[in-house]
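K.L.:
My file is upload.txt. It has compact mmCIF, C-alpha atoms:
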```txt
# COMPACT_ATOMS: atom_id res chain seq x y z
CA MET T 3 10.39 24.07 -1.19
CA LYS T 4 11.40 22.14 1.91
CA LEU T 5 8.54 20.41 3.69
CA PHE T 6 8.99 19.00 7.15
CA ASP T 7 7.60 15.60 8.18
CA SER T 8 4.56 17.19 9.83
CA GLU T 9 3.79 19.17 6.67
CA LEU T 10 4.17 16.03 4.57
CA LYS T 11 1.52 14.32 6.70
CA VAL T 12 -0.97 17.06 5.76
CA MET T 13 0.10 16.92 2.11
CA GLU T 14 -0.33 13.13 2.04
CA VAL T 15 -3.97 13.59 3.06
CA LEU T 16 -4.53 16.11 0.28
CA TRP T 17 -2.72 13.99 -2.32
CA SER T 18 -4.81 10.95 -1.44
CA GLN T 19 -8.16 12.69 -0.81
CA GLY T 20 -8.05 15.68 -3.15
CA ASP T 21 -9.47 19.03 -2.04
CA THR T 22 -10.43 18.58 1.60
CA THR T 23 -11.65 20.78 4.43
CA ALA T 24 -9.25 21.54 7.24
CA LYS T 25 -11.70 19.88 9.62
CA GLU T 26 -11.63 16.64 7.64
CA ILE T 27 -7.82 16.74 7.44
CA SER T 28 -7.83 17.21 11.21
CA ASN T 29 -10.16 14.24 11.69
CA ILE T 30 -8.00 12.01 9.49
CA LEU T 31 -4.76 12.99 11.23
CA ALA T 32 -6.34 12.63 14.66
CA GLY T 33 -7.03 9.01 13.77
CA THR T 34 -3.73 8.24 12.10
CA VAL T 35 -1.14 10.21 14.08
CA GLY T 36 -3.07 11.45 17.13
CA TRP T 37 -2.95 15.15 16.37
CA ASN T 38 -5.50 17.53 17.85
CA MET T 39 -7.27 20.15 15.74
CA ASN T 40 -4.96 23.01 16.77
CA THR T 41 -1.86 21.08 15.70
CA THR T 42 -3.36 20.26 12.32
CA TYR T 43 -4.52 23.83 11.69
CA THR T 44 -1.08 25.18 12.64
CA VAL T 45 0.62 22.84 10.17
CA ILE T 46 -1.91 23.71 7.45
CA LYS T 47 -1.18 27.43 7.99
CA LYS T 48 2.56 26.75 7.61
CA CYS T 49 1.88 24.92 4.33
CA VAL T 50 -0.24 27.84 3.13
CA ALA T 51 2.55 30.28 4.01
CA LYS T 52 5.03 28.17 2.02
CA GLY T 53 2.74 28.06 -1.01
CA ALA T 54 2.17 24.30 -0.80
CA ILE T 55 -1.54 24.63 -0.02
CA GLU T 56 -4.22 27.07 -1.10
CA ARG T 57 -7.03 27.85 1.35
CA GLN T 58 -10.44 28.44 -0.18
CA GLU T 59 -13.61 29.73 1.40
CA PRO T 60 -16.26 28.95 2.36
CA GLY T 61 -15.44 26.06 4.64
CA PHE T 62 -11.64 26.34 4.84
CA VAL T 63 -11.19 23.96 1.91
CA CYS T 64 -7.53 23.08 1.29
CA ARG T 65 -6.07 22.37 -2.14
CA ALA T 66 -2.56 21.08 -2.79
CA LEU T 67 -0.57 23.45 -5.01
CA ILE T 68 2.34 21.06 -5.43
CA THR T 69 2.31 17.43 -6.47
CA LYS T 70 3.81 14.47 -4.70
CA ASP T 71 6.13 13.98 -7.69
CA GLN T 72 7.41 17.55 -7.34
CA VAL T 73 8.18 16.97 -3.67
CA ARG T 74 9.84 13.63 -4.40
CA ALA T 75 12.04 15.18 -7.08
CA GLU T 76 13.10 18.03 -4.80
CA GLU T 77 13.80 15.71 -1.86
CA ALA T 78 15.79 13.34 -4.10
CA HIS T 79 17.82 16.24 -5.47
CA THR T 80 18.54 17.47 -1.94
CA LEU T 81 19.51 13.98 -0.77
CA VAL T 82 21.88 13.44 -3.69
CA ALA T 83 23.45 16.86 -3.24
CA LYS T 84 23.82 16.54 0.53
CA LEU T 85 24.94 12.93 1.00
CA PHE T 86 26.26 11.75 -2.36
CA ASP T 87 28.31 14.71 -3.62
CA GLY T 88 25.72 15.42 -6.30
CA SER T 89 26.18 11.97 -7.84
CA PRO T 90 23.04 9.92 -8.57
CA GLU T 91 25.38 7.02 -9.36
CA LEU T 92 26.67 7.01 -5.76
CA LEU T 93 23.10 7.00 -4.46
CA PHE T 94 22.18 4.14 -6.76
CA ALA T 95 25.30 2.17 -5.74
CA SER T 96 24.43 2.75 -2.08
CA LEU T 97 20.90 1.47 -2.61
CA LEU T 98 22.13 -1.64 -4.39
CA GLY T 99 25.07 -2.30 -2.09
CA GLY T 100 23.34 -2.33 1.26
CA GLY T 101 20.41 -4.00 2.85
CA LYS T 102 18.31 -6.70 1.27
CA PRO T 103 18.92 -7.73 -2.33
CA LEU T 104 16.58 -6.58 -5.06
CA THR T 105 14.08 -8.98 -6.56
CA LYS T 106 14.26 -9.91 -10.23
CA GLU T 107 11.12 -7.82 -10.83
CA GLN T 108 12.69 -4.76 -9.20
CA ILE T 109 15.85 -5.18 -11.26
CA ASP T 110 13.79 -5.55 -14.45
CA ARG T 111 11.85 -2.33 -13.65
CA LEU T 112 15.11 -0.47 -12.97
CA ARG T 113 16.62 -1.71 -16.24
CA ALA T 114 13.52 -0.64 -18.17
CA TRP T 115 13.60 2.78 -16.52
CA ILE T 116 17.32 3.24 -17.24
CA ASP T 117 16.84 2.12 -20.86
CA GLY T 118 14.07 4.71 -21.18
CA GLN T 119 16.45 7.47 -20.03
CA GLU T 120 18.90 6.97 -22.88
```
Can you dump the structure from the file as structure tokens?
P.N.:
Amino acid sequence: MKLFDSELKVMEVLWSQGDTTAKEISNILAGTVGWNMNTTYTVIKKCVAKGAIERQEPGFVCRALITKDQVRAEEAHTLVAKLFDGSPELLFASLLGGGKPLTKEQIDRLRAWIDGQE
């Protein structure tokens, strides 16, 4: 399931808050990204249509039907397939080769994770 940035904003609220009314999601996003109620409700409806959110009555309570980890895994898979010829090694090399160097703690966590994969 492909979620657009706007849909991810709604999902982030649900992942952090748990089951939440559409009105409360709207209030939160009004404060954080400046959306009005109509924008928020439109994005919620798109998420419902995609099967990412379940709407419950009474009160238009929204419940996330997918986890953040599921979305991360799908996005990572898409990124690797699209930009790195399906090779996680190329992605990893790109992350390590550019930008700011990793800290010792980050390297240690990566080593521990890799060791756990074997």
K.L.:
Of the residues T:Leu104, T:Glu9, T:Thr22, T:Asp110, which is the one nearest to Pro60 of chain T, using only C-alpha atoms?
P.N.:
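Ranked by minimum distance to Pro60 of chain T, first place goes to T:Thr22.
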K.L.:
Out of T:Ile46, T:Ile27, T:Phe94, T:Cys64, which residue has the shortest atom-to-atom distance to Ala78 of chain T when counting only C-alpha atoms?
P.N.:
T:Phe94
K.L.:
Find the residue from T:Gly20, T:Pro90, T:Gly118, T:Gly99 that sits nearest to Ala66 of chain T; use only C-alpha atoms when measuring.
P.N.:
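Smallest separation from Ala66 of chain T among the options: T:Gly20.
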K.L.:
Between T:Glu77, T:Glu91, T:Glu26, T:Glu107, which has the minimum distance to Val12 of chain T (counting all atoms listed in the file)?
P.N.:
T:Glu26
K.L.:
Can you tell me, as a ChimeraX atom specification, what residues are no more than 12 Å from Val35 of chain T when counting only C-alpha atoms, ignoring any on the same chain fewer than 6 positions away?
P.N.:
/T:7-8,11-12,15,27-29,41-42
K.L.:
Please produce a file of the residues just selected, as a CSV table (one decimal), in the coordinates of the input, where the atoms kept are C-alpha atoms.
P.N.:
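To be explicit, this is the file written out as again.csv:
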```csv
chain,number,residue,atom,x,y,z
T,7,ASP,CA,7.6,15.6,8.2
T,8,SER,CA,4.6,17.2,9.8
T,11,LYS,CA,1.5,14.3,6.7
T,12,VAL,CA,-1.0,17.1,5.8
T,15,VAL,CA,-4.0,13.6,3.1
T,27,ILE,CA,-7.8,16.7,7.4
T,28,SER,CA,-7.8,17.2,11.2
T,29,ASN,CA,-10.2,14.2,11.7
T,41,THR,CA,-1.9,21.1,15.7
T,42,THR,CA,-3.4,20.3,12.3
```
K.L.:
Would you fill out segment 89-116 of chain T with N, CA and C atoms and return it as an mmCIF file, keeping the file's coordinate frame?
P.N.:
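part38.cif was written with the following content:
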```cif
data_model
loop_
_atom_site.group_PDB
_atom_site.id
_atom_site.type_symbol
_atom_site.label_atom_id
_atom_site.label_comp_id
_atom_site.auth_asym_id
_atom_site.auth_seq_id
_atom_site.Cartn_x
_atom_site.Cartn_y
_atom_site.Cartn_z
ATOM 1 N N SER T 89 26.067 13.096 -6.908
ATOM 2 C CA SER T 89 26.180 11.970 -7.840
ATOM 3 C C SER T 89 25.024 10.978 -7.672
ATOM 4 N N PRO T 90 24.095 10.928 -8.637
ATOM 5 C CA PRO T 90 23.040 9.920 -8.570
ATOM 6 C C PRO T 90 23.609 8.497 -8.623
ATOM 7 N N GLU T 91 24.761 8.340 -9.278
ATOM 8 C CA GLU T 91 25.380 7.020 -9.360
ATOM 9 C C GLU T 91 25.779 6.509 -7.971
ATOM 10 N N LEU T 92 26.303 7.422 -7.120
ATOM 11 C CA LEU T 92 26.670 7.010 -5.760
ATOM 12 C C LEU T 92 25.433 6.629 -4.950
ATOM 13 N N LEU T 93 24.348 7.356 -5.133
ATOM 14 C CA LEU T 93 23.100 7.000 -4.460
ATOM 15 C C LEU T 93 22.637 5.626 -4.907
ATOM 16 N N PHE T 94 22.634 5.410 -6.202
ATOM 17 C CA PHE T 94 22.180 4.140 -6.760
ATOM 18 C C PHE T 94 23.059 2.992 -6.248
ATOM 19 N N ALA T 95 24.375 3.186 -6.235
ATOM 20 C CA ALA T 95 25.300 2.170 -5.740
ATOM 21 C C ALA T 95 25.038 1.883 -4.259
ATOM 22 N N SER T 96 24.731 2.920 -3.494
ATOM 23 C CA SER T 96 24.430 2.750 -2.080
ATOM 24 C C SER T 96 23.158 1.926 -1.892
ATOM 25 N N LEU T 97 22.163 2.216 -2.700
ATOM 26 C CA LEU T 97 20.900 1.470 -2.610
ATOM 27 C C LEU T 97 21.095 0.004 -2.960
ATOM 28 N N LEU T 98 21.909 -0.261 -3.958
ATOM 29 C CA LEU T 98 22.130 -1.640 -4.390
ATOM 30 C C LEU T 98 23.101 -2.390 -3.493
ATOM 31 N N GLY T 99 24.019 -1.653 -2.858
ATOM 32 C CA GLY T 99 25.070 -2.300 -2.090
ATOM 33 C C GLY T 99 24.684 -2.672 -0.675
ATOM 34 N N GLY T 100 23.683 -2.067 -0.130
ATOM 35 C CA GLY T 100 23.340 -2.330 1.260
ATOM 36 C C GLY T 100 21.949 -2.902 1.413
ATOM 37 N N GLY T 101 21.744 -3.500 2.543
ATOM 38 C CA GLY T 101 20.410 -4.000 2.850
ATOM 39 C C GLY T 101 20.064 -5.267 2.105
ATOM 40 N N LYS T 102 18.788 -5.461 1.877
ATOM 41 C CA LYS T 102 18.310 -6.700 1.270
ATOM 42 C C LYS T 102 18.424 -6.628 -0.251
ATOM 43 N N PRO T 103 18.755 -7.735 -0.871
ATOM 44 C CA PRO T 103 18.920 -7.730 -2.330
ATOM 45 C C PRO T 103 17.619 -7.441 -3.059
ATOM 46 N N LEU T 104 17.749 -6.864 -4.237
ATOM 47 C CA LEU T 104 16.580 -6.580 -5.060
ATOM 48 C C LEU T 104 16.026 -7.851 -5.672
ATOM 49 N N THR T 105 14.712 -7.854 -5.876
ATOM 50 C CA THR T 105 14.080 -8.980 -6.560
ATOM 51 C C THR T 105 14.330 -8.859 -8.060
ATOM 52 N N LYS T 106 14.102 -9.941 -8.778
ATOM 53 C CA LYS T 106 14.260 -9.910 -10.230
ATOM 54 C C LYS T 106 13.316 -8.876 -10.835
ATOM 55 N N GLU T 107 12.098 -8.778 -10.323
ATOM 56 C CA GLU T 107 11.120 -7.820 -10.830
ATOM 57 C C GLU T 107 11.606 -6.381 -10.616
ATOM 58 N N GLN T 108 12.174 -6.101 -9.461
ATOM 59 C CA GLN T 108 12.690 -4.760 -9.200
ATOM 60 C C GLN T 108 13.855 -4.433 -10.136
ATOM 61 N N ILE T 109 14.731 -5.383 -10.351
ATOM 62 C CA ILE T 109 15.850 -5.180 -11.260
ATOM 63 C C ILE T 109 15.350 -4.940 -12.684
ATOM 64 N N ASP T 110 14.357 -5.718 -13.101
ATOM 65 C CA ASP T 110 13.790 -5.550 -14.450
ATOM 66 C C ASP T 110 13.169 -4.164 -14.603
ATOM 67 N N ARG T 111 12.454 -3.670 -13.581
ATOM 68 C CA ARG T 111 11.850 -2.330 -13.650
ATOM 69 C C ARG T 111 12.927 -1.259 -13.705
ATOM 70 N N LEU T 112 13.994 -1.431 -12.934
ATOM 71 C CA LEU T 112 15.110 -0.470 -12.970
ATOM 72 C C LEU T 112 15.778 -0.453 -14.338
ATOM 73 N N ARG T 113 16.002 -1.635 -14.908
ATOM 74 C CA ARG T 113 16.620 -1.710 -16.240
ATOM 75 C C ARG T 113 15.741 -1.002 -17.277
ATOM 76 N N ALA T 114 14.447 -1.268 -17.217
ATOM 77 C CA ALA T 114 13.520 -0.640 -18.170
ATOM 78 C C ALA T 114 13.530 0.870 -17.995
ATOM 79 N N TRP T 115 13.571 1.337 -16.755
ATOM 80 C CA TRP T 115 13.600 2.780 -16.520
ATOM 81 C C TRP T 115 14.898 3.377 -17.052
ATOM 82 N N ILE T 116 16.021 2.741 -16.753
ATOM 83 C CA ILE T 116 17.320 3.240 -17.240
ATOM 84 C C ILE T 116 17.351 3.247 -18.767
#
```
